>>> print(open('upload.csv').read())   # CSV, C-alpha atoms
chain,number,residue,atom,x,y,z
M,1,MET,CA,-37.7,-32.6,-30.8
M,2,LYS,CA,-37.4,-29.3,-32.8
M,3,THR,CA,-38.4,-28.9,-36.5
M,4,THR,CA,-36.9,-26.3,-38.8
M,5,ASP,CA,-38.1,-25.4,-42.4
M,6,THR,CA,-35.3,-25.2,-45.0
M,7,ALA,CA,-36.1,-23.7,-48.4
M,8,THR,CA,-34.3,-25.3,-51.3
M,9,PRO,CA,-34.4,-23.1,-54.5
M,10,GLY,CA,-34.7,-24.5,-58.0
M,11,LEU,CA,-36.7,-27.6,-57.1
M,12,GLU,CA,-40.2,-28.0,-58.4
M,13,THR,CA,-43.0,-28.2,-55.9
M,14,PRO,CA,-46.6,-29.1,-56.5
M,15,GLY,CA,-48.7,-26.1,-57.5
M,16,SER,CA,-45.8,-24.1,-58.7
M,17,PRO,CA,-46.2,-22.8,-62.3
M,18,GLY,CA,-43.5,-23.3,-64.8
M,19,GLY,CA,-41.7,-25.8,-62.7
M,20,SER,CA,-39.9,-23.1,-60.7
M,21,GLY,CA,-40.2,-22.8,-57.0
M,22,THR,CA,-38.9,-23.9,-53.8
M,23,GLU,CA,-39.3,-27.0,-51.8
M,24,VAL,CA,-39.7,-26.8,-48.1
M,25,ILE,CA,-37.7,-29.6,-46.4
M,26,LYS,CA,-38.4,-30.2,-42.7
M,27,THR,CA,-35.4,-31.3,-40.6
M,28,VAL,CA,-35.6,-32.5,-37.1
M,29,ALA,CA,-33.0,-31.3,-34.6
M,30,PRO,CA,-32.3,-33.6,-31.7
M,31,ALA,CA,-33.2,-32.2,-28.3
M,32,PRO,CA,-30.4,-31.8,-25.8
M,33,ARG,CA,-29.8,-34.7,-23.5
M,34,LYS,CA,-30.7,-34.3,-19.9
M,35,ALA,CA,-29.2,-36.2,-17.1
M,36,SER,CA,-31.7,-38.6,-15.6
M,37,LYS,CA,-32.6,-38.7,-12.0
M,38,GLY,CA,-30.8,-42.0,-11.6
M,39,GLU,CA,-27.5,-40.6,-12.9
M,40,GLY,CA,-27.8,-37.5,-10.6
M,41,ALA,CA,-28.5,-39.7,-7.6
M,42,THR,CA,-25.5,-42.0,-8.4
M,43,LEU,CA,-23.2,-39.0,-8.8
M,44,ASN,CA,-24.5,-37.5,-5.5
M,45,VAL,CA,-23.9,-40.8,-3.6
M,46,PHE,CA,-20.4,-41.2,-5.1
M,47,SER,CA,-19.4,-37.6,-4.1
M,48,HIS,CA,-20.8,-38.0,-0.6
M,49,GLY,CA,-19.1,-41.3,-0.2
M,50,VAL,CA,-15.7,-39.8,-1.2
M,51,LEU,CA,-16.2,-37.0,1.3
M,52,ILE,CA,-17.1,-39.4,4.0
M,53,ILE,CA,-14.1,-41.5,3.4
M,54,TRP,CA,-11.8,-38.5,3.3
M,55,ALA,CA,-13.4,-37.2,6.6
M,56,ILE,CA,-12.7,-40.6,8.3
M,57,MET,CA,-9.1,-40.6,7.1
M,58,VAL,CA,-8.5,-37.1,8.6
M,59,VAL,CA,-10.6,-37.3,11.8
M,60,MET,CA,-9.7,-40.8,13.0
M,61,PRO,CA,-6.0,-40.2,13.6
M,62,LEU,CA,-6.8,-37.0,15.5
M,63,LEU,CA,-9.4,-38.8,17.7
M,64,TRP,CA,-7.0,-41.7,18.2
M,65,ALA,CA,-4.2,-39.3,19.3
M,66,VAL,CA,-6.6,-37.6,21.8
M,67,MET,CA,-7.8,-40.9,23.1
M,68,THR,CA,-4.3,-42.3,23.5
M,69,SER,CA,-3.1,-39.2,25.4
M,70,PHE,CA,-5.4,-40.2,28.3
M,71,LYS,CA,-4.2,-43.9,28.5
M,72,THR,CA,-1.4,-45.5,30.4
M,73,ASP,CA,1.7,-46.8,28.5
M,74,LYS,CA,0.6,-50.4,29.1
M,75,ALA,CA,-2.9,-49.7,27.7
M,76,ILE,CA,-1.4,-48.1,24.6
M,77,PHE,CA,0.3,-51.3,23.6
M,78,THR,CA,-2.2,-53.9,24.9
M,79,SER,CA,-5.4,-52.3,23.7
M,80,PRO,CA,-4.6,-49.5,21.3
M,81,TRP,CA,-8.1,-49.1,19.9
M,82,ALA,CA,-10.0,-49.4,23.2
M,83,LEU,CA,-11.2,-46.5,25.2
M,84,PRO,CA,-9.2,-45.6,28.2
M,85,ASP,CA,-10.4,-47.1,31.5
M,86,LYS,CA,-10.3,-43.6,33.0
M,87,LEU,CA,-8.9,-40.1,32.0
M,88,HIS,CA,-5.3,-40.0,33.1
M,89,PHE,CA,-4.7,-36.3,33.3
M,90,GLU,CA,-1.3,-36.9,34.9
M,91,ASN,CA,0.0,-37.5,31.3
M,92,TRP,CA,-0.8,-33.9,30.5
M,93,SER,CA,0.6,-32.5,33.7
M,94,ARG,CA,3.8,-34.5,33.2
M,95,ALA,CA,4.2,-33.3,29.6
M,96,TRP,CA,3.5,-29.7,30.7
M,97,THR,CA,6.0,-29.6,33.5
M,98,GLU,CA,8.6,-32.3,33.1
M,99,ALA,CA,8.9,-32.0,29.3
M,100,HIS,CA,8.9,-28.2,29.5
M,101,MET,CA,5.9,-27.8,27.2
M,102,SER,CA,4.9,-24.7,29.1
M,103,ASP,CA,8.1,-23.0,28.2
M,104,TYR,CA,7.8,-24.0,24.5
M,105,PHE,CA,4.2,-22.8,24.5
M,106,LEU,CA,5.1,-19.4,25.8
M,107,ASN,CA,8.0,-18.9,23.4
M,108,THR,CA,5.7,-20.0,20.5
M,109,ILE,CA,2.9,-17.6,21.5
M,110,LEU,CA,5.4,-14.7,21.7
M,111,VAL,CA,7.0,-15.5,18.4
M,112,VAL,CA,3.9,-16.3,16.4
M,113,GLY,CA,1.9,-13.5,18.0
M,114,GLY,CA,4.5,-10.9,17.2
M,115,SER,CA,5.2,-12.1,13.7
M,116,LEU,CA,1.5,-12.4,12.9
M,117,LEU,CA,0.8,-8.8,13.9
M,118,GLY,CA,3.9,-7.6,11.9
M,119,THR,CA,3.0,-9.6,8.9
M,120,LEU,CA,-0.6,-8.4,8.7
M,121,LEU,CA,0.5,-4.8,9.3
M,122,PHE,CA,3.3,-4.5,6.8
M,123,GLY,CA,1.7,-6.9,4.3
M,124,SER,CA,-1.6,-4.9,4.3
M,125,MET,CA,0.2,-1.6,3.9
M,126,ALA,CA,2.3,-2.9,1.0
M,127,ALA,CA,-0.7,-4.5,-0.6
M,128,TYR,CA,-2.8,-1.4,-0.4
M,129,VAL,CA,-0.2,0.8,-2.1
M,130,LEU,CA,0.4,-1.8,-4.8
M,131,ALA,CA,-3.3,-2.2,-5.4
M,132,ARG,CA,-4.5,1.4,-5.3
M,133,PHE,CA,-1.6,3.6,-6.6
M,134,ASP,CA,0.1,3.6,-10.0
M,135,PHE,CA,3.7,4.6,-9.9
M,136,PRO,CA,6.9,3.6,-11.8
M,137,GLY,CA,8.0,0.2,-10.6
M,138,ASN,CA,4.6,-0.9,-9.2
M,139,ARG,CA,4.4,-4.1,-11.2
M,140,PHE,CA,8.1,-4.8,-10.7
M,141,ILE,CA,7.8,-4.6,-6.9
M,142,TYR,CA,4.6,-6.7,-7.1
M,143,PHE,CA,6.4,-9.4,-9.1
M,144,LEU,CA,9.3,-9.3,-6.6
M,145,PHE,CA,6.9,-10.4,-3.9
M,146,ILE,CA,5.5,-13.1,-6.2
M,147,GLY,CA,9.0,-14.3,-6.9
M,148,GLY,CA,9.5,-14.6,-3.1
M,149,MET,CA,6.8,-17.2,-2.9
M,150,SER,CA,8.6,-19.5,-5.3
M,151,PHE,CA,12.0,-19.1,-3.7
M,152,PRO,CA,12.9,-22.2,-1.5
M,153,ILE,CA,13.6,-21.1,2.0
M,154,ILE,CA,16.2,-23.9,2.4
M,155,LEU,CA,18.5,-22.1,-0.2
M,156,ALA,CA,18.6,-19.0,2.1
M,157,LEU,CA,19.4,-20.8,5.4
M,158,VAL,CA,23.2,-20.4,5.2
M,159,PRO,CA,23.4,-16.7,4.2
M,160,LEU,CA,20.4,-16.0,6.6
M,161,PHE,CA,22.3,-17.6,9.4
M,162,TYR,CA,25.4,-15.4,8.9
M,163,VAL,CA,23.2,-12.3,8.5
M,164,MET,CA,21.4,-13.0,11.8
M,165,GLN,CA,24.8,-13.7,13.4
M,166,ASN,CA,26.3,-10.4,12.2
M,167,MET,CA,23.3,-8.5,13.4
M,168,ALA,CA,23.3,-10.1,16.9
M,169,LEU,CA,19.9,-11.6,16.2
M,170,LEU,CA,20.8,-15.3,16.4
M,171,ASN,CA,19.1,-17.3,19.2
M,172,THR,CA,16.8,-14.5,20.0
M,173,LEU,CA,13.0,-14.4,19.9
M,174,HIS,CA,12.8,-11.0,18.3
M,175,GLY,CA,15.2,-12.1,15.6
M,176,LEU,CA,13.0,-15.1,14.9
M,177,ILE,CA,10.0,-12.8,14.7
M,178,LEU,CA,11.7,-10.7,12.0
M,179,VAL,CA,12.5,-13.8,10.0
M,180,TYR,CA,8.9,-15.1,10.2
M,181,ILE,CA,7.6,-11.7,9.0
M,182,ALA,CA,10.0,-11.8,6.0
M,183,TYR,CA,9.1,-15.4,5.3
M,184,SER,CA,5.3,-14.7,5.3
M,185,LEU,CA,5.2,-11.3,3.5
M,186,PRO,CA,5.2,-12.6,-0.1
M,187,PHE,CA,2.0,-14.6,0.2
M,188,THR,CA,0.4,-12.0,2.4
M,189,VAL,CA,1.1,-9.2,-0.1
M,190,PHE,CA,-0.1,-11.4,-3.0
M,191,PHE,CA,-3.3,-12.4,-1.3
M,192,LEU,CA,-4.2,-8.9,0.0
M,193,THR,CA,-3.3,-7.1,-3.2
M,194,ALA,CA,-6.0,-9.0,-5.1
M,195,PHE,CA,-8.4,-8.4,-2.2
M,196,PHE,CA,-7.8,-4.6,-2.0
M,197,ARG,CA,-8.5,-4.4,-5.8
M,198,THR,CA,-12.0,-5.7,-5.3
M,199,LEU,CA,-12.9,-3.1,-2.7
M,200,PRO,CA,-14.9,-0.1,-4.0
M,201,THR,CA,-12.9,3.1,-4.6
M,202,SER,CA,-15.8,5.4,-3.9
M,203,VAL,CA,-15.5,5.1,-0.2
M,204,ALA,CA,-11.8,6.1,-0.2
M,205,GLU,CA,-12.6,9.0,-2.6
M,206,ALA,CA,-15.3,10.2,-0.2
M,207,ALA,CA,-12.8,10.1,2.7
M,208,PHE,CA,-10.3,12.1,0.7
M,209,VAL,CA,-13.0,14.7,-0.1
M,210,ASP,CA,-13.8,15.0,3.6
M,211,GLY,CA,-10.1,15.8,4.2
M,212,ALA,CA,-8.8,12.5,5.5
M,213,SER,CA,-5.1,11.8,4.9
M,214,HIS,CA,-3.9,8.6,3.2
M,215,THR,CA,-2.9,7.2,6.6
M,216,ARG,CA,-6.3,7.9,8.2
M,217,THR,CA,-8.1,6.6,5.1
M,218,PHE,CA,-6.1,3.3,5.2
M,219,PHE,CA,-6.5,2.6,8.9
M,220,GLN,CA,-10.0,3.9,9.5
M,221,VAL,CA,-11.7,3.1,6.1
M,222,MET,CA,-9.9,0.6,4.0
M,223,LEU,CA,-8.5,-1.7,6.7
M,224,PRO,CA,-11.9,-2.4,8.3
M,225,MET,CA,-13.4,-3.1,4.9
M,226,ALA,CA,-10.6,-5.7,4.3
M,227,LYS,CA,-11.3,-7.6,7.6
M,228,PRO,CA,-12.4,-10.8,5.8
M,229,GLY,CA,-9.2,-10.9,3.8
M,230,LEU,CA,-7.1,-10.1,6.9
M,231,ILE,CA,-8.7,-13.0,8.8
M,232,SER,CA,-8.2,-15.4,6.0
M,233,VAL,CA,-4.6,-14.7,5.4
M,234,GLY,CA,-4.0,-14.4,9.1
M,235,ILE,CA,-5.2,-18.0,9.6
M,236,PHE,CA,-3.0,-19.3,6.8
M,237,ASN,CA,0.0,-17.5,8.3
M,238,PHE,CA,-0.8,-18.7,11.8
M,239,LEU,CA,-0.9,-22.3,10.6
M,240,GLY,CA,2.4,-21.9,8.8
M,241,GLN,CA,4.2,-20.1,11.5
M,242,TRP,CA,2.9,-22.3,14.3
M,243,ASN,CA,4.1,-25.4,12.6
M,244,GLN,CA,7.4,-23.9,11.3
M,245,TYR,CA,10.3,-26.2,12.1
M,246,LEU,CA,13.2,-25.5,9.7
M,247,LEU,CA,13.8,-21.9,10.5
M,248,PRO,CA,13.9,-22.2,14.3
M,249,THR,CA,16.0,-25.3,14.1
M,250,VAL,CA,18.7,-23.4,12.3
M,251,LEU,CA,18.4,-19.9,13.8
M,252,ASN,CA,17.2,-20.7,17.4
M,253,THR,CA,19.4,-23.3,19.1
M,254,GLU,CA,19.2,-22.1,22.7
M,255,PRO,CA,17.3,-24.7,24.8
M,256,GLU,CA,15.4,-22.1,26.8
M,257,ARG,CA,14.2,-20.2,23.7
M,258,LYS,CA,13.0,-23.2,21.7
M,259,VAL,CA,9.6,-23.1,20.2
M,260,LEU,CA,6.9,-25.8,20.2
M,261,SER,CA,7.9,-27.6,17.0
M,262,GLN,CA,11.5,-28.0,18.4
M,263,GLY,CA,10.1,-29.0,21.8
M,264,LEU,CA,8.0,-31.8,20.2
M,265,VAL,CA,11.0,-33.3,18.4
M,266,GLN,CA,13.0,-33.2,21.6
M,267,LEU,CA,10.1,-34.7,23.5
M,268,ALA,CA,9.7,-37.5,20.9
M,269,VAL,CA,13.4,-38.4,21.3
M,270,SER,CA,13.5,-38.2,25.1
M,271,GLN,CA,10.2,-39.9,25.7
M,272,GLY,CA,11.1,-42.6,23.2
M,273,TYR,CA,14.1,-43.6,25.3
M,274,LYS,CA,12.1,-43.3,28.6
M,275,GLY,CA,9.1,-45.2,27.2
M,276,ASP,CA,6.8,-42.4,28.2
M,277,TRP,CA,4.5,-42.7,25.2
M,278,SER,CA,1.4,-41.4,27.0
M,279,GLY,CA,3.3,-38.1,27.8
M,280,LEU,CA,4.4,-37.9,24.2
M,281,PHE,CA,0.8,-38.1,22.9
M,282,ALA,CA,-0.3,-35.6,25.5
M,283,GLY,CA,2.3,-33.1,24.2
M,284,LEU,CA,1.3,-33.8,20.7
M,285,VAL,CA,-2.3,-33.0,21.4
M,286,MET,CA,-1.3,-29.9,23.3
M,287,ALA,CA,0.5,-28.6,20.2
M,288,MET,CA,-2.5,-29.6,18.0
M,289,LEU,CA,-5.3,-28.0,19.9
M,290,PRO,CA,-4.6,-24.3,19.3
M,291,VAL,CA,-4.5,-24.8,15.5
M,292,LEU,CA,-7.8,-26.7,15.6
M,293,ALA,CA,-9.4,-24.1,17.8
M,294,ALA,CA,-8.3,-21.2,15.6
M,295,TYR,CA,-9.7,-22.9,12.5
M,296,ILE,CA,-13.0,-23.9,14.1
M,297,ILE,CA,-13.5,-20.4,15.5
M,298,PHE,CA,-12.7,-18.5,12.3
M,299,GLN,CA,-13.8,-21.0,9.6
M,300,ARG,CA,-16.7,-18.8,8.4
M,301,GLN,CA,-14.4,-15.8,8.1
M,302,VAL,CA,-11.9,-17.9,6.2
M,303,VAL,CA,-14.5,-19.0,3.6
M,304,ALA,CA,-15.9,-15.4,3.4
M,305,GLY,CA,-12.4,-14.0,2.8
M,306,LEU,CA,-11.6,-16.6,0.1
M,307,THR,CA,-14.9,-15.9,-1.8
M,308,ALA,CA,-15.2,-12.2,-1.2
M,309,GLY,CA,-13.3,-11.2,-4.3
M,310,ALA,CA,-15.2,-13.6,-6.6
M,311,VAL,CA,-18.1,-11.3,-7.2
M,312,LYS,CA,-17.8,-7.5,-7.2
>>> encode(input="upload.csv", output="C-alpha cells")
Amino acid sequence: MKTTDTATPGLETPGSPGGSGTEVIKTVAPAPRKASKGEGATLNVFSHGVLIIWAIMVVMPLLWAVMTSFKTDKAIFTSPWALPDKLHFENWSRAWTEAHMSDYFLNTILVVGGSLLGTLLFGSMAAYVLARFDFPGNRFIYFLFIGGMSFPIILALVPLFYVMQNMALLNTLHGLILVYIAYSLPFTVFFLTAFFRTLPTSVAEAAFVDGASHTRTFFQVMLPMAKPGLISVGIFNFLGQWNQYLLPTVLNTEPERKVLSQGLVQLAVSQGYKGDWSGLFAGLVMAMLPVLAAYIIFQRQVVAGLTAGAVK
C-alpha cells in the first residue's frame, strides 16, 4: 500500500492560529496486482498443452505416412495403425523406377536449384539498391514489388501462357526457371530490402574509402553480412518452389519434363487404379523428405534471419 499526503487549503487544523491553515489528508493508493504463482502455472500448463496438441496433429500424419510406405498393400488396409512386419524397401524402388520418380526428382532439382539461385541473386541486388540509394522513383519501384505480392498468379496464367509460347519457352525447364524467378522476386525484394536497411552503413563507407567499387562492395562486403537474411528467404522460396503445382501444370505439359508435384498427381491417379498404395506412399515420402531435411538443417539460420532486424 502506498500513502500520499494531500494539502487542502482553507481548512482549520489544530494548532493553527486564526483558523487559517491547511489540513493534511492521507490517501492510500492500491498496490498493483501481481499474478499469483498459481495463475502463472495454470497459464504455463495451458500453453504447453496447446503446443503439445499442435505438435501431435502435425507430426502424427507424417510419421504415419513414413510407416505406411514400408507396408504391403494388404497391411495398409487390415492394420493401418500397426507397425510394419518388416521394412519393404521394394515399395521405394518401385516408385523410384516404375513411377519415374527419379526423372521427376531430377527435373525438380534443376528447376528449383536454378530458380533459387536466380531469385537470390537478382532479389538481393534489387533490394540492396532500393535500401541503400535514394533516387527518383525509388519508392515507386519498391511498391511495385509489394504490389506483385498481392497479385493472384491465377489471373496471369492465360497471358503468361501466350507470352511463353511466343518466346518459345513453353514446355522447357529454363522457361519454367524464369517464371519461378519472376514469381518469387516480389517477396524476396520485400524481405531483403528491410534486412539491408538494418545493416550498418559504416562498413560500406569504409570499403568505398578504400577504393572498392559498388559491385565489389556489394558482393564482398554487404552480401556476406546479409547471409542470415539470404538463408531465411531462400528457405521460404525453396518451400514454395518445390511445392509449386499450378505454374508447371499450365506451362509444362511434356511428360518427360514434369516436375515432382506433377509426378505425384500422376502417381496418385495411376496407383489408385492399380491398387499400389504402398508405392504411392513411398513416392509421397520421397517428395516430402527434401523439404523436411532443408528446414531441419537450416532452422537456426531461419530464426536468426527473421529476428536479425528486430534490434539494431
>>> closest_residue(input="upload.csv", among="M:Leu176, M:Val233, M:Leu116, M:Met67", to="Gln301 (chain M)", atoms="only C-alpha atoms")
M:Val233
>>> atom_distance(input="upload.csv", atom1="CA of His88 (chain M)", atom2="CA of Gly275 (chain M)")
16.4 Å
>>> atom_distance(input="upload.csv", atom1="CA of Leu130 (chain M)", atom2="CA of Phe236 (chain M)")
21.3 Å
>>> residues_around(input="upload.csv", residues="Lys258 (chain M)", least_positions_apart="6", cutoff="7 Å", atoms="only C-alpha atoms", output="compact mmCIF listing (two decimals) with C-alpha atoms, in the frame of the given file")
# COMPACT_ATOMS: atom_id res chain seq x y z
CA TYR M 104 7.80 -24.00 24.50
CA ASN M 107 8.00 -18.90 23.40
CA ASN M 252 17.20 -20.70 17.40
>>> closest_residue(input="upload.csv", among="M:Ser69, M:Ser124, M:Gln244, M:Asn166", to="Leu284 (chain M)", atoms="all atoms listed in the file")
M:Ser69
>>> residues_around(input="upload.csv", residues="Ile146 (chain M)", least_positions_apart="6", cutoff="10 Å", atoms="only C-alpha atoms", output="list in words")
Phe140, Leu185, Pro186, Phe187, Val189 and Phe190 of chain M
>>> write_last_selection(input="upload.csv", atoms="C-alpha atoms", output="short mmCIF file (atom, residue, chain, number, x, y, z; two decimals), keeping the file's coordinate frame")
data_model
loop_
_atom_site.label_atom_id
_atom_site.label_comp_id
_atom_site.auth_asym_id
_atom_site.auth_seq_id
_atom_site.Cartn_x
_atom_site.Cartn_y
_atom_site.Cartn_z
CA PHE M 140 8.10 -4.80 -10.70
CA LEU M 185 5.20 -11.30 3.50
CA PRO M 186 5.20 -12.60 -0.10
CA PHE M 187 2.00 -14.60 0.20
CA VAL M 189 1.10 -9.20 -0.10
CA PHE M 190 -0.10 -11.40 -3.00
#
>>> closest_residue(input="upload.csv", among="M:Met167, M:Phe133, M:Ser47, M:Ala293", to="His214 (chain M)", atoms="only C-alpha atoms")
M:Phe133
>>> closest_residue(input="upload.csv", among="M:Met222, M:Val50, M:Ala268, M:Val59", to="Ser202 (chain M)", atoms="only C-alpha atoms")
M:Met222
>>> atom_distance(input="upload.csv", atom1="CA of Trp81 (chain M)", atom2="CA of Leu62 (chain M)")
12.9 Å
